file upload.pdb (PDB, C-alpha atoms and all ligand atoms)
ATOM      1  CA  MET A  41     -80.401 -45.864-124.235
ATOM      2  CA  THR A  42     -78.149 -45.552-121.217
ATOM      3  CA  TYR A  43     -79.271 -46.976-117.877
ATOM      4  CA  TYR A  44     -77.942 -45.163-114.842
ATOM      5  CA  THR A  45     -77.468 -46.865-111.533
ATOM      6  CA  VAL A  46     -77.288 -44.989-108.234
ATOM      7  CA  ALA A  47     -73.515 -45.354-108.347
ATOM      8  CA  ASN A  48     -73.066 -43.721-111.713
ATOM      9  CA  VAL A  49     -75.583 -40.980-110.848
ATOM     10  CA  ALA A  50     -73.262 -40.141-107.943
ATOM     11  CA  ALA A  51     -70.209 -40.280-110.211
ATOM     12  CA  VAL A  52     -71.817 -37.874-112.665
ATOM     13  CA  LYS A  53     -72.562 -35.462-109.812
ATOM     14  CA  ILE A  54     -68.920 -35.055-108.944
ATOM     15  CA  SER A  55     -67.961 -33.431-112.214
ATOM     16  CA  MET A  56     -70.854 -30.993-112.613
ATOM     17  CA  HIS A  57     -72.088 -27.706-111.300
ATOM     18  CA  ILE A  58     -75.586 -27.906-109.950
ATOM     19  CA  THR A  59     -76.927 -24.624-108.651
ATOM     20  CA  LEU A  60     -79.017 -24.407-105.514
ATOM     21  CA  ARG A  61     -81.706 -22.717-107.592
ATOM     22  CA  GLN A  62     -81.878 -25.698-109.948
ATOM     23  CA  LEU A  63     -82.160 -28.027-106.987
ATOM     24  CA  LYS A  64     -84.919 -25.948-105.472
ATOM     25  CA  VAL A  65     -86.963 -25.865-108.682
ATOM     26  CA  PHE A  66     -86.364 -29.561-109.286
ATOM     27  CA  GLU A  67     -87.455 -30.412-105.773
ATOM     28  CA  ARG A  68     -90.694 -28.474-106.090
ATOM     29  CA  VAL A  69     -91.594 -30.074-109.431
ATOM     30  CA  ALA A  70     -90.734 -33.492-108.014
ATOM     31  CA  GLN A  71     -92.915 -32.811-104.978
ATOM     32  CA  ARG A  72     -95.916 -31.705-106.999
ATOM     33  CA  LEU A  73     -95.270 -33.764-110.141
ATOM     34  CA  SER A  74     -96.564 -30.738-111.993
ATOM     35  CA  PHE A  75     -94.597 -27.997-113.724
ATOM     36  CA  THR A  76     -97.590 -25.676-113.523
ATOM     37  CA  ARG A  77     -98.122 -26.025-109.776
ATOM     38  CA  ALA A  78     -94.422 -25.754-109.073
ATOM     39  CA  ALA A  79     -94.279 -22.562-111.134
ATOM     40  CA  GLU A  80     -97.206 -21.072-109.192
ATOM     41  CA  GLU A  81     -95.713 -21.898-105.830
ATOM     42  CA  LEU A  82     -92.299 -20.511-106.780
ATOM     43  CA  TYR A  83     -93.794 -17.375-108.366
ATOM     44  CA  LEU A  84     -92.224 -18.262-111.703
ATOM     45  CA  THR A  85     -93.682 -18.766-115.146
ATOM     46  CA  GLN A  86     -94.119 -22.326-116.329
ATOM     47  CA  PRO A  87     -91.567 -21.867-119.211
ATOM     48  CA  ALA A  88     -89.033 -20.582-116.644
ATOM     49  CA  VAL A  89     -89.492 -23.750-114.589
ATOM     50  CA  SER A  90     -89.229 -25.951-117.689
ATOM     51  CA  MET A  91     -86.041 -24.100-118.662
ATOM     52  CA  GLN A  92     -84.468 -24.632-115.211
ATOM     53  CA  ILE A  93     -85.256 -28.346-115.332
ATOM     54  CA  LYS A  94     -83.936 -28.623-118.888
ATOM     55  CA  GLN A  95     -80.672 -26.944-117.909
ATOM     56  CA  PHE A  96     -80.427 -29.145-114.846
ATOM     57  CA  GLU A  97     -80.904 -32.273-116.948
ATOM     58  CA  GLU A  98     -78.300 -31.065-119.428
ATOM     59  CA  THR A  99     -75.823 -30.353-116.674
ATOM     60  CA  ILE A 100     -76.092 -33.826-115.246
ATOM     61  CA  GLY A 101     -76.715 -35.609-118.522
ATOM     62  CA  LEU A 102     -79.798 -37.423-117.232
ATOM     63  CA  SER A 103     -83.547 -37.165-117.655
ATOM     64  CA  LEU A 104     -85.258 -36.449-114.383
ATOM     65  CA  PHE A 105     -88.901 -36.553-115.443
ATOM     66  CA  GLU A 106     -90.926 -38.519-117.935
ATOM     67  CA  ARG A 107     -94.386 -37.704-119.243
ATOM     68  CA  LEU A 108     -96.626 -40.698-119.704
ATOM     69  CA  GLY A 109    -100.012 -39.755-121.029
ATOM     70  CA  LYS A 110    -101.007 -36.628-119.170
ATOM     71  CA  LYS A 111     -99.043 -37.406-116.042
ATOM     72  CA  VAL A 112     -95.505 -36.442-115.041
ATOM     73  CA  TYR A 113     -93.356 -39.059-113.306
ATOM     74  CA  LEU A 114     -89.883 -39.018-111.843
ATOM     75  CA  THR A 115     -87.386 -41.231-113.639
ATOM     76  CA  ARG A 116     -85.237 -43.593-111.518
ATOM     77  CA  ALA A 117     -82.453 -41.006-111.564
ATOM     78  CA  GLY A 118     -85.020 -38.320-110.663
ATOM     79  CA  GLU A 119     -86.171 -40.336-107.661
ATOM     80  CA  GLU A 120     -82.610 -40.739-106.394
ATOM     81  CA  LEU A 121     -81.843 -37.072-106.875
ATOM     82  CA  TYR A 122     -85.078 -36.064-105.193
ATOM     83  CA  ARG A 123     -84.083 -38.040-102.111
ATOM     84  CA  LEU A 124     -80.671 -36.385-102.076
ATOM     85  CA  SER A 125     -82.008 -32.906-102.717
ATOM     86  CA  ARG A 126     -84.446 -33.276 -99.779
ATOM     87  CA  SER A 127     -81.592 -34.013 -97.471
ATOM     88  CA  ILE A 128     -79.513 -31.136 -98.905
ATOM     89  CA  SER A 129     -82.443 -28.752 -98.340
ATOM     90  CA  GLN A 130     -82.912 -29.960 -94.780
ATOM     91  CA  GLN A 131     -79.237 -29.418 -94.060
ATOM     92  CA  LEU A 132     -79.338 -25.975 -95.607
ATOM     93  CA  GLU A 133     -82.333 -25.088 -93.452
ATOM     94  CA  ALA A 134     -80.462 -26.322 -90.379
ATOM     95  CA  ALA A 135     -77.426 -24.244 -91.399
ATOM     96  CA  GLU A 136     -79.596 -21.143 -91.850
ATOM     97  CA  GLN A 137     -81.157 -21.674 -88.449
ATOM     98  CA  LEU A 138     -77.758 -22.143 -86.854
ATOM     99  CA  VAL A 139     -76.450 -18.954 -88.425
ATOM    100  CA  GLU A 140     -79.468 -17.056 -87.108
ATOM    101  CA  GLU A 141     -78.865 -18.487 -83.653
ATOM    102  CA  ILE A 142     -75.214 -17.530 -83.699
ATOM    103  CA  LYS A 143     -76.003 -14.022 -84.939
ATOM    104  CA  GLY A 144     -78.463 -13.454 -82.138
ATOM    105  CA  THR A 145     -78.425 -14.401 -78.485
ATOM    106  CA  GLU A 146     -81.418 -16.672 -78.985
ATOM    107  CA  GLY A 147     -79.281 -19.754 -78.996
ATOM    108  CA  GLY A 148     -75.911 -21.041 -80.012
ATOM    109  CA  ARG A 149     -73.131 -22.369 -77.845
ATOM    110  CA  LEU A 150     -70.755 -20.428 -75.641
ATOM    111  CA  VAL A 151     -67.547 -21.979 -74.352
ATOM    112  CA  VAL A 152     -66.180 -20.162 -71.318
ATOM    113  CA  SER A 153     -62.943 -21.198 -69.653
ATOM    114  CA  ILE A 154     -62.031 -19.846 -66.265
ATOM    115  CA  ALA A 155     -59.220 -19.970 -63.797
ATOM    116  CA  SER A 156     -60.144 -22.160 -60.854
ATOM    117  CA  THR A 157     -59.464 -19.140 -58.648
ATOM    118  CA  VAL A 158     -62.053 -16.938 -60.359
ATOM    119  CA  HIS A 159     -64.692 -19.644 -60.365
ATOM    120  CA  TYR A 160     -66.363 -18.202 -57.227
ATOM    121  CA  PHE A 161     -67.164 -15.017 -59.133
ATOM    122  CA  ALA A 162     -67.674 -16.581 -62.555
ATOM    123  CA  ILE A 163     -70.387 -18.975 -61.381
ATOM    124  CA  ARG A 164     -72.523 -16.019 -60.270
ATOM    125  CA  VAL A 165     -72.019 -14.287 -63.602
ATOM    126  CA  LEU A 166     -72.961 -17.442 -65.454
ATOM    127  CA  ALA A 167     -76.072 -17.984 -63.350
ATOM    128  CA  ASP A 168     -77.256 -14.479 -64.169
ATOM    129  CA  PHE A 169     -76.284 -14.803 -67.813
ATOM    130  CA  CYS A 170     -78.231 -18.065 -68.201
ATOM    131  CA  LYS A 171     -81.326 -16.431 -66.688
ATOM    132  CA  HIS A 172     -81.168 -13.708 -69.323
ATOM    133  CA  TYR A 173     -80.249 -15.979 -72.235
ATOM    134  CA  PRO A 174     -81.825 -19.354 -71.411
ATOM    135  CA  LYS A 175     -81.393 -20.702 -74.944
ATOM    136  CA  VAL A 176     -77.630 -20.242 -75.083
ATOM    137  CA  ARG A 177     -75.913 -23.548 -74.330
ATOM    138  CA  VAL A 178     -72.984 -22.770 -72.059
ATOM    139  CA  SER A 179     -70.017 -25.022 -71.623
ATOM    140  CA  LEU A 180     -67.749 -24.151 -68.698
ATOM    141  CA  LYS A 181     -64.186 -25.359 -68.338
ATOM    142  CA  VAL A 182     -62.308 -24.761 -65.087
ATOM    143  CA  THR A 183     -58.547 -25.115 -64.953
ATOM    144  CA  ASN A 184     -55.381 -23.275 -63.944
ATOM    145  CA  ARG A 185     -53.454 -20.625 -65.835
ATOM    146  CA  LYS A 186     -51.353 -23.107 -67.780
ATOM    147  CA  GLY A 187     -54.451 -24.991 -68.920
ATOM    148  CA  LEU A 188     -56.182 -21.775 -69.967
ATOM    149  CA  LEU A 189     -53.263 -20.636 -72.108
ATOM    150  CA  GLN A 190     -53.256 -24.040 -73.738
ATOM    151  CA  GLN A 191     -56.983 -23.807 -74.537
ATOM    152  CA  LEU A 192     -56.517 -20.339 -76.023
ATOM    153  CA  GLY A 193     -53.610 -21.606 -78.099
ATOM    154  CA  GLU A 194     -55.686 -24.498 -79.438
ATOM    155  CA  ASN A 195     -58.740 -22.274 -80.082
ATOM    156  CA  GLU A 196     -60.786 -24.542 -77.813
ATOM    157  CA  THR A 197     -62.621 -21.752 -76.059
ATOM    158  CA  ASP A 198     -64.462 -18.507 -76.809
ATOM    159  CA  ILE A 199     -63.706 -16.453 -73.722
ATOM    160  CA  VAL A 200     -61.347 -16.900 -70.804
ATOM    161  CA  LEU A 201     -61.354 -15.315 -67.351
ATOM    162  CA  MET A 202     -57.858 -15.354 -65.878
ATOM    163  CA  GLY A 203     -54.967 -13.377 -64.420
ATOM    164  CA  GLN A 204     -52.862 -11.196 -66.699
ATOM    165  CA  PRO A 205     -51.953 -13.232 -69.790
ATOM    166  CA  PRO A 206     -48.447 -13.131 -71.267
ATOM    167  CA  HIS A 207     -47.722 -10.234 -73.640
ATOM    168  CA  ASP A 208     -46.017 -12.370 -76.262
ATOM    169  CA  GLN A 209     -49.212 -14.124 -77.343
ATOM    170  CA  ASP A 210     -51.734 -12.668 -79.746
ATOM    171  CA  LEU A 211     -54.473 -12.087 -77.199
ATOM    172  CA  ILE A 212     -56.994  -9.376 -76.412
ATOM    173  CA  ALA A 213     -57.089  -8.864 -72.648
ATOM    174  CA  GLU A 214     -59.333  -6.446 -70.751
ATOM    175  CA  PRO A 215     -58.941  -6.081 -66.995
ATOM    176  CA  PHE A 216     -62.312  -6.194 -65.232
ATOM    177  CA  MET A 217     -61.629  -6.552 -61.502
ATOM    178  CA  ASP A 218     -58.870  -6.453 -58.902
ATOM    179  CA  ASN A 219     -57.706  -9.777 -57.581
ATOM    180  CA  PRO A 220     -56.075  -9.189 -54.188
ATOM    181  CA  LEU A 221     -53.989 -12.073 -52.864
ATOM    182  CA  VAL A 222     -54.047 -12.339 -49.085
ATOM    183  CA  VAL A 223     -52.361 -14.422 -46.417
ATOM    184  CA  ILE A 224     -54.871 -16.679 -44.659
ATOM    185  CA  ALA A 225     -54.464 -18.456 -41.352
ATOM    186  CA  ALA A 226     -56.440 -20.627 -38.936
ATOM    187  CA  LEU A 227     -58.146 -18.707 -36.165
ATOM    188  CA  ASP A 228     -55.812 -20.161 -33.537
ATOM    189  CA  HIS A 229     -52.583 -19.511 -35.482
ATOM    190  CA  PRO A 230     -50.118 -17.458 -33.366
ATOM    191  CA  LEU A 231     -49.910 -14.738 -36.066
ATOM    192  CA  ALA A 232     -53.716 -14.383 -36.035
ATOM    193  CA  ARG A 233     -53.480 -12.661 -32.655
ATOM    194  CA  LYS A 234     -51.234  -9.905 -34.017
ATOM    195  CA  THR A 235     -52.748  -6.705 -35.384
ATOM    196  CA  SER A 236     -49.936  -6.452 -37.909
ATOM    197  CA  VAL A 237     -47.260  -8.804 -39.156
ATOM    198  CA  VAL A 238     -43.930  -7.731 -40.675
ATOM    199  CA  LEU A 239     -42.915  -9.531 -43.832
ATOM    200  CA  ASP A 240     -39.859 -11.079 -42.250
ATOM    201  CA  GLU A 241     -42.031 -12.977 -39.788
ATOM    202  CA  LEU A 242     -43.240 -15.147 -42.674
ATOM    203  CA  ARG A 243     -39.706 -16.437 -43.180
ATOM    204  CA  TYR A 244     -40.186 -19.397 -40.864
ATOM    205  CA  GLU A 245     -43.791 -20.195 -41.668
ATOM    206  CA  THR A 246     -45.055 -23.254 -43.475
ATOM    207  CA  PHE A 247     -46.973 -22.378 -46.653
ATOM    208  CA  LEU A 248     -49.530 -24.422 -48.517
ATOM    209  CA  MET A 249     -48.964 -23.533 -52.148
ATOM    210  CA  ARG A 250     -50.851 -24.015 -55.368
ATOM    211  CA  GLU A 251     -49.359 -26.304 -58.024
ATOM    212  CA  GLN A 252     -46.849 -25.301 -60.719
ATOM    213  CA  GLY A 253     -48.803 -23.770 -63.613
ATOM    214  CA  SER A 254     -51.092 -21.799 -61.297
ATOM    215  CA  GLY A 255     -51.133 -18.028 -61.810
ATOM    216  CA  THR A 256     -51.501 -17.475 -58.062
ATOM    217  CA  ARG A 257     -48.428 -19.597 -57.461
ATOM    218  CA  SER A 258     -46.239 -17.700 -59.920
ATOM    219  CA  SER A 259     -47.361 -14.318 -58.520
ATOM    220  CA  VAL A 260     -46.493 -15.412 -55.000
ATOM    221  CA  GLU A 261     -43.106 -16.761 -56.102
ATOM    222  CA  ARG A 262     -42.368 -13.491 -57.906
ATOM    223  CA  PHE A 263     -43.371 -11.493 -54.849
ATOM    224  CA  PHE A 264     -41.142 -13.495 -52.499
ATOM    225  CA  ALA A 265     -38.207 -13.259 -54.916
ATOM    226  CA  GLU A 266     -38.631  -9.465 -55.197
ATOM    227  CA  LYS A 267     -38.683  -9.134 -51.403
ATOM    228  CA  GLY A 268     -35.674 -11.423 -51.034
ATOM    229  CA  LEU A 269     -37.541 -13.888 -48.855
ATOM    230  CA  PRO A 270     -37.030 -17.635 -49.118
ATOM    231  CA  MET A 271     -40.131 -19.370 -50.438
ATOM    232  CA  SER A 272     -40.294 -22.987 -49.611
ATOM    233  CA  ALA A 273     -43.516 -24.507 -50.822
ATOM    234  CA  ASN A 274     -43.743 -26.922 -47.968
ATOM    235  CA  MET A 275     -46.921 -28.417 -49.233
ATOM    236  CA  GLU A 276     -48.400 -28.284 -52.697
ATOM    237  CA  MET A 277     -52.131 -28.557 -53.439
ATOM    238  CA  ASN A 278     -53.866 -28.161 -56.747
ATOM    239  CA  THR A 279     -57.127 -26.605 -55.604
ATOM    240  CA  ASN A 280     -57.993 -23.536 -53.579
ATOM    241  CA  SER A 281     -60.460 -25.609 -51.544
ATOM    242  CA  ALA A 282     -57.723 -28.005 -50.461
ATOM    243  CA  ILE A 283     -55.539 -25.071 -49.401
ATOM    244  CA  LYS A 284     -58.359 -23.474 -47.415
ATOM    245  CA  GLN A 285     -59.142 -26.736 -45.643
ATOM    246  CA  GLY A 286     -55.459 -27.366 -44.956
ATOM    247  CA  VAL A 287     -55.059 -23.903 -43.460
ATOM    248  CA  GLU A 288     -58.234 -24.326 -41.427
ATOM    249  CA  VAL A 289     -56.935 -27.499 -39.779
ATOM    250  CA  GLY A 290     -53.607 -25.864 -39.016
ATOM    251  CA  LEU A 291     -51.282 -27.317 -41.673
ATOM    252  CA  GLY A 292     -49.825 -23.879 -42.365
ATOM    253  CA  LEU A 293     -50.547 -20.519 -43.972
ATOM    254  CA  GLY A 294     -51.967 -19.975 -47.420
ATOM    255  CA  ILE A 295     -51.836 -17.176 -49.969
ATOM    256  CA  VAL A 296     -55.004 -17.069 -51.995
ATOM    257  CA  SER A 297     -57.267 -14.681 -53.841
ATOM    258  CA  ILE A 298     -59.590 -12.864 -51.456
ATOM    259  CA  HIS A 299     -62.444 -13.923 -53.748
ATOM    260  CA  THR A 300     -61.951 -17.548 -52.787
ATOM    261  CA  VAL A 301     -62.393 -17.119 -49.026
ATOM    262  CA  GLU A 302     -65.530 -15.026 -48.732
ATOM    263  CA  HIS A 303     -67.607 -17.738 -47.025
ATOM    264  CA  GLU A 304     -64.856 -18.949 -44.702
ATOM    265  CA  LEU A 305     -64.212 -15.386 -43.498
ATOM    266  CA  GLU A 306     -67.897 -14.769 -42.955
ATOM    267  CA  ALA A 307     -68.215 -18.035 -41.013
ATOM    268  CA  ARG A 308     -65.068 -17.126 -39.028
ATOM    269  CA  ARG A 309     -63.321 -20.341 -40.068
ATOM    270  CA  LEU A 310     -60.275 -18.475 -41.388
ATOM    271  CA  VAL A 311     -58.708 -15.065 -40.900
ATOM    272  CA  VAL A 312     -56.784 -12.771 -43.232
ATOM    273  CA  LEU A 313     -53.490 -11.692 -41.669
ATOM    274  CA  ASN A 314     -52.569  -8.038 -41.841
ATOM    275  CA  VAL A 315     -49.126  -8.619 -43.348
ATOM    276  CA  GLU A 316     -46.818  -5.829 -44.491
ATOM    277  CA  CYS A 317     -46.934  -5.358 -48.316
ATOM    278  CA  PHE A 318     -50.115  -7.414 -48.576
ATOM    279  CA  PRO A 319     -52.464  -7.799 -50.343
ATOM    280  CA  ILE A 320     -50.596  -8.463 -53.559
ATOM    281  CA  ILE A 321     -52.854  -6.747 -56.064
ATOM    282  CA  ARG A 322     -53.364  -8.687 -59.268
ATOM    283  CA  GLN A 323     -56.105  -8.197 -61.801
ATOM    284  CA  TRP A 324     -58.623 -10.428 -63.470
ATOM    285  CA  TYR A 325     -58.786 -10.219 -67.230
ATOM    286  CA  ILE A 326     -61.314 -11.212 -69.815
ATOM    287  CA  VAL A 327     -59.260 -12.731 -72.607
ATOM    288  CA  TYR A 328     -59.742 -14.041 -76.135
ATOM    289  CA  ARG A 329     -57.632 -14.626 -79.217
ATOM    290  CA  ALA A 330     -56.945 -11.598 -81.402
ATOM    291  CA  GLY A 331     -58.939 -12.134 -84.595
ATOM    292  CA  LYS A 332     -61.462 -14.377 -82.835
ATOM    293  CA  ARG A 333     -64.972 -13.707 -84.120
ATOM    294  CA  LEU A 334     -66.993 -13.488 -80.957
ATOM    295  CA  SER A 335     -70.590 -14.677 -81.328
ATOM    296  CA  ALA A 336     -73.401 -12.441 -80.070
ATOM    297  CA  ALA A 337     -73.648 -14.692 -77.013
ATOM    298  CA  ALA A 338     -69.929 -14.281 -76.292
ATOM    299  CA  GLN A 339     -70.201 -10.510 -76.662
ATOM    300  CA  ALA A 340     -73.187 -10.443 -74.324
ATOM    301  CA  PHE A 341     -71.228 -12.522 -71.831
ATOM    302  CA  GLU A 342     -68.322 -10.095 -71.981
ATOM    303  CA  GLY A 343     -70.711  -7.262 -71.100
ATOM    304  CA  PHE A 344     -72.146  -9.306 -68.241
ATOM    305  CA  VAL A 345     -68.731  -9.927 -66.718
ATOM    306  CA  CYS A 346     -67.920  -6.208 -66.549
ATOM    307  CA  GLN A 347     -71.341  -5.307 -65.177
ATOM    308  CA  GLU A 348     -71.287  -8.069 -62.549
ATOM    309  CA  ALA A 349     -67.739  -7.192 -61.525
ATOM    310  CA  THR A 350     -68.863  -3.703 -60.542
ATOM    311  CA  ARG A 351     -71.761  -5.124 -58.518
ATOM    312  CA  PHE A 352     -69.607  -7.843 -56.982
ATOM    313  CA  VAL A 353     -66.985  -5.382 -55.775
ATOM    314  CA  ALA A 354     -69.648  -3.039 -54.363
ATOM    315  CA  ALA A 355     -71.413  -5.902 -52.546
ATOM    316  CA  SER A 356     -68.278  -7.570 -51.134
ATOM    317  CA  ALA A 357     -67.589  -6.500 -47.592
ATOM    318  CA  SER A 358     -63.869  -5.806 -47.774
ATOM    319  CA  PRO A 359     -61.942  -7.564 -45.037
ATOM    320  CA  LEU A 360     -58.891  -5.668 -46.262
ATOM    321  CA  GLU A 361     -59.884  -2.290 -44.889
TER     322      GLU A 361
HETATM  323  P1  LIG A 401     -54.843 -19.864 -60.925
HETATM  324  O1  LIG A 401     -55.298 -18.422 -61.355
HETATM  325  O2  LIG A 401     -54.081 -20.473 -62.076
HETATM  326  O3  LIG A 401     -53.977 -19.631 -59.726
HETATM  327  O4  LIG A 401     -56.120 -20.598 -60.552
HETATM  328  C1  LIG A 401     -55.335 -18.091 -62.689
HETATM  329  C2  LIG A 401     -54.452 -16.972 -63.074
HETATM  330  O5  LIG A 401     -53.917 -16.347 -62.168
HETATM  331  O6  LIG A 401     -54.322 -16.767 -64.284
END

call {"tool": "encode", "arguments": {"input": "upload.pdb", "output": "structure tokens"}}
result
Amino acid sequence: MTYYTVANVAAVKISMHITLRQLKVFERVAQRLSFTRAAEELYLTQPAVSMQIKQFEETIGLSLFERLGKKVYLTRAGEELYRLSRSISQQLEAAEQLVEEIKGTEGGRLVVSIASTVHYFAIRVLADFCKHYPKVRVSLKVTNRKGLLQQLGENETDIVLMGQPPHDQDLIAEPFMDNPLVVIAALDHPLARKTSVVLDELRYETFLMREQGSGTRSSVERFFAEKGLPMSANMEMNTNSAIKQGVEVGLGLGIVSIHTVEHELEARRLVVLNVECFPIIRQWYIVYRAGKRLSAAAQAFEGFVCQEATRFVAASASPLE
């Protein structure tokens, strides 16, 4: 007679093929300690249940049940396996539930990464999205263009909202809204009194610029280079808020997305200058990795972005006209 300890039960398990069906039948018999009741509950015949258990025992080389008198008992090995099979079943149930959640929009997790510049728009979309899908757990990451490309590269995010991504990366990118970049100034800035400003007048102005790695920054640099104007980033700030505040207190001019200054324009804390060749029209894109399997929640979010963009544009009073 061989005695099996927990350790050698585990060792035996490694080299065998237990089917989920065997585990399920075993678990039910172990629960009821009756082959007959287990068979009834599983809609099987009693010989079919006995056969499954026999095969299971042969596979693992251990007896799982013992019959003493009229009663069925679990052997020591049976007790250990019962404990393990309960936990396997619970994990399988959790996996099934998770799959259902991911398939539907009833739950699951959605990781959205956005450019700091688009955050003014994205927060509204997210608020609306969460009202419609309250069970989806949303994780929002806000960073600049460089950070977003990194997250896409590392597959750390589901969906990204950003400026045009580079063509040499395997990305799906759909434009969803214009992103006009405008020149902003303090109300008492000398250029704010002018109805129009020629480009050359910017030559001697101090600019508050976004940091290296910002999409806004590289667009502005490209624009100045194309127009043959010197671009000295006299002051560098890594948030749009800092730039707006700096401009407001008279540190210089700023070039930012119109979507970032809605409130300040409304409150008459800043003005948009009517500069020749401005606004620089960029576009916002919804971006994800080619081959990425978007969950139902991510697909729903994609739809929301496009729908909200149309409403957002219609509702925004355009200070550019
Ligand atoms: P930002 O904008 O990096 O200037 O915040 C993002 C982008 O343009 O991609």

call {"tool": "residues_near_point", "arguments": {"input": "upload.pdb", "point": "(-56.8, -30.1, -57.3)", "cutoff": "10 Å", "atoms": "only C-alpha atoms", "output": "list in words"}}
result
Ser156, Thr183, Asn184, Arg250, Glu251, Glu276, Met277, Asn278, Thr279, Asn280, Ser281, Ala282 and Ile283 of chain A

call {"tool": "residues_near_ligand", "arguments": {"input": "upload.pdb", "ligand": "ligand LIG 401 (chain A)", "cutoff": "8 Å", "atoms": "only C-alpha atoms and all ligand atoms", "output": "list in words"}}
result
Ile154, Ala155, Ser156, Thr157, Val158, Thr183, Asn184, Arg185, Lys186, Leu188, Leu201, Met202, Gly203, Gln204, Pro205, Arg250, Gly253, Ser254, Gly255, Thr256, Arg257, Ser258, Ser259, Thr279, Asn280 and Trp324 of chain A

call {"tool": "residues_around", "arguments": {"input": "upload.pdb", "residues": "A:Lys181", "least_positions_apart": "4", "cutoff": "8 Å", "atoms": "only C-alpha atoms", "output": "VMD selection string"}}
result
chain A and resid 151 to 154

call {"tool": "write_last_selection", "arguments": {"input": "upload.pdb", "atoms": "C-alpha atoms", "output": "PDB file, in the coordinates of the input"}}
result
ATOM      1  CA  VAL A 151     -67.547 -21.979 -74.352  1.00  0.00           C
ATOM      2  CA  VAL A 152     -66.180 -20.162 -71.318  1.00  0.00           C
ATOM      3  CA  SER A 153     -62.943 -21.198 -69.653  1.00  0.00           C
ATOM      4  CA  ILE A 154     -62.031 -19.846 -66.265  1.00  0.00           C
TER       5      ILE A 154
END

call {"tool": "residues_around", "arguments": {"input": "upload.pdb", "residues": "A:Thr197", "least_positions_apart": "6", "cutoff": "12 Å", "atoms": "all atoms listed in the file", "output": "PyMOL selection string"}}
result
chain A and resi 149-154+178-182+187-191+327-329+332-335+338

call {"tool": "atom_distance", "arguments": {"input": "upload.pdb", "atom1": "atom CA of A:Tyr173", "atom2": "atom CA of A:Gly148"}}
result
10.2 Å

call {"tool": "atom_distance", "arguments": {"input": "upload.pdb", "atom1": "atom CA of A:Arg308", "atom2": "atom CA of A:Gly290"}}
result
14.4 Å

call {"tool": "resolve_selection", "arguments": {"input": "upload.pdb", "expression": "the PyMOL selection byres (((chain A and resi 342) around 12) and not hetatm)", "output": "PyMOL selection string"}}
result
chain A and resi 150+152+162+165-166+169+198-201+213-216+325-328+334-341+343-349

call {"tool": "resolve_selection", "arguments": {"input": "upload.pdb", "expression": "the PyMOL selection byres (((chain A and resi 226-232) around 7) and not hetatm)", "output": "number ranges by chain"}}
result
A: 225, 233-234, 287-290, 309-311, 313

call {"tool": "atom_distance", "arguments": {"input": "upload.pdb", "atom1": "atom CA of A:Ala330", "atom2": "atom CA of A:Ile212"}}
result
5.5 Å

call {"tool": "resolve_selection", "arguments": {"input": "upload.pdb", "expression": "the PyMOL selection byres (((chain A and resi 242) around 12) and not hetatm)", "output": "PDB file with C-alpha atoms, in the coordinates of the input"}}
result
ATOM      1  CA  VAL A 223     -52.361 -14.422 -46.417  1.00  0.00           C
ATOM      2  CA  ILE A 224     -54.871 -16.679 -44.659  1.00  0.00           C
ATOM      3  CA  ALA A 225     -54.464 -18.456 -41.352  1.00  0.00           C
ATOM      4  CA  PRO A 230     -50.118 -17.458 -33.366  1.00  0.00           C
ATOM      5  CA  LEU A 231     -49.910 -14.738 -36.066  1.00  0.00           C
ATOM      6  CA  SER A 236     -49.936  -6.452 -37.909  1.00  0.00           C
ATOM      7  CA  VAL A 237     -47.260  -8.804 -39.156  1.00  0.00           C
ATOM      8  CA  VAL A 238     -43.930  -7.731 -40.675  1.00  0.00           C
ATOM      9  CA  LEU A 239     -42.915  -9.531 -43.832  1.00  0.00           C
ATOM     10  CA  ASP A 240     -39.859 -11.079 -42.250  1.00  0.00           C
ATOM     11  CA  GLU A 241     -42.031 -12.977 -39.788  1.00  0.00           C
ATOM     12  CA  ARG A 243     -39.706 -16.437 -43.180  1.00  0.00           C
ATOM     13  CA  TYR A 244     -40.186 -19.397 -40.864  1.00  0.00           C
ATOM     14  CA  GLU A 245     -43.791 -20.195 -41.668  1.00  0.00           C
ATOM     15  CA  THR A 246     -45.055 -23.254 -43.475  1.00  0.00           C
ATOM     16  CA  PHE A 247     -46.973 -22.378 -46.653  1.00  0.00           C
ATOM     17  CA  PHE A 264     -41.142 -13.495 -52.499  1.00  0.00           C
ATOM     18  CA  LYS A 267     -38.683  -9.134 -51.403  1.00  0.00           C
ATOM     19  CA  GLY A 268     -35.674 -11.423 -51.034  1.00  0.00           C
ATOM     20  CA  LEU A 269     -37.541 -13.888 -48.855  1.00  0.00           C
ATOM     21  CA  PRO A 270     -37.030 -17.635 -49.118  1.00  0.00           C
ATOM     22  CA  MET A 271     -40.131 -19.370 -50.438  1.00  0.00           C
ATOM     23  CA  SER A 272     -40.294 -22.987 -49.611  1.00  0.00           C
ATOM     24  CA  GLY A 292     -49.825 -23.879 -42.365  1.00  0.00           C
ATOM     25  CA  LEU A 293     -50.547 -20.519 -43.972  1.00  0.00           C
ATOM     26  CA  GLY A 294     -51.967 -19.975 -47.420  1.00  0.00           C
ATOM     27  CA  ILE A 295     -51.836 -17.176 -49.969  1.00  0.00           C
ATOM     28  CA  LEU A 313     -53.490 -11.692 -41.669  1.00  0.00           C
ATOM     29  CA  ASN A 314     -52.569  -8.038 -41.841  1.00  0.00           C
ATOM     30  CA  VAL A 315     -49.126  -8.619 -43.348  1.00  0.00           C
ATOM     31  CA  GLU A 316     -46.818  -5.829 -44.491  1.00  0.00           C
ATOM     32  CA  CYS A 317     -46.934  -5.358 -48.316  1.00  0.00           C
ATOM     33  CA  PHE A 318     -50.115  -7.414 -48.576  1.00  0.00           C
TER      34      PHE A 318
END
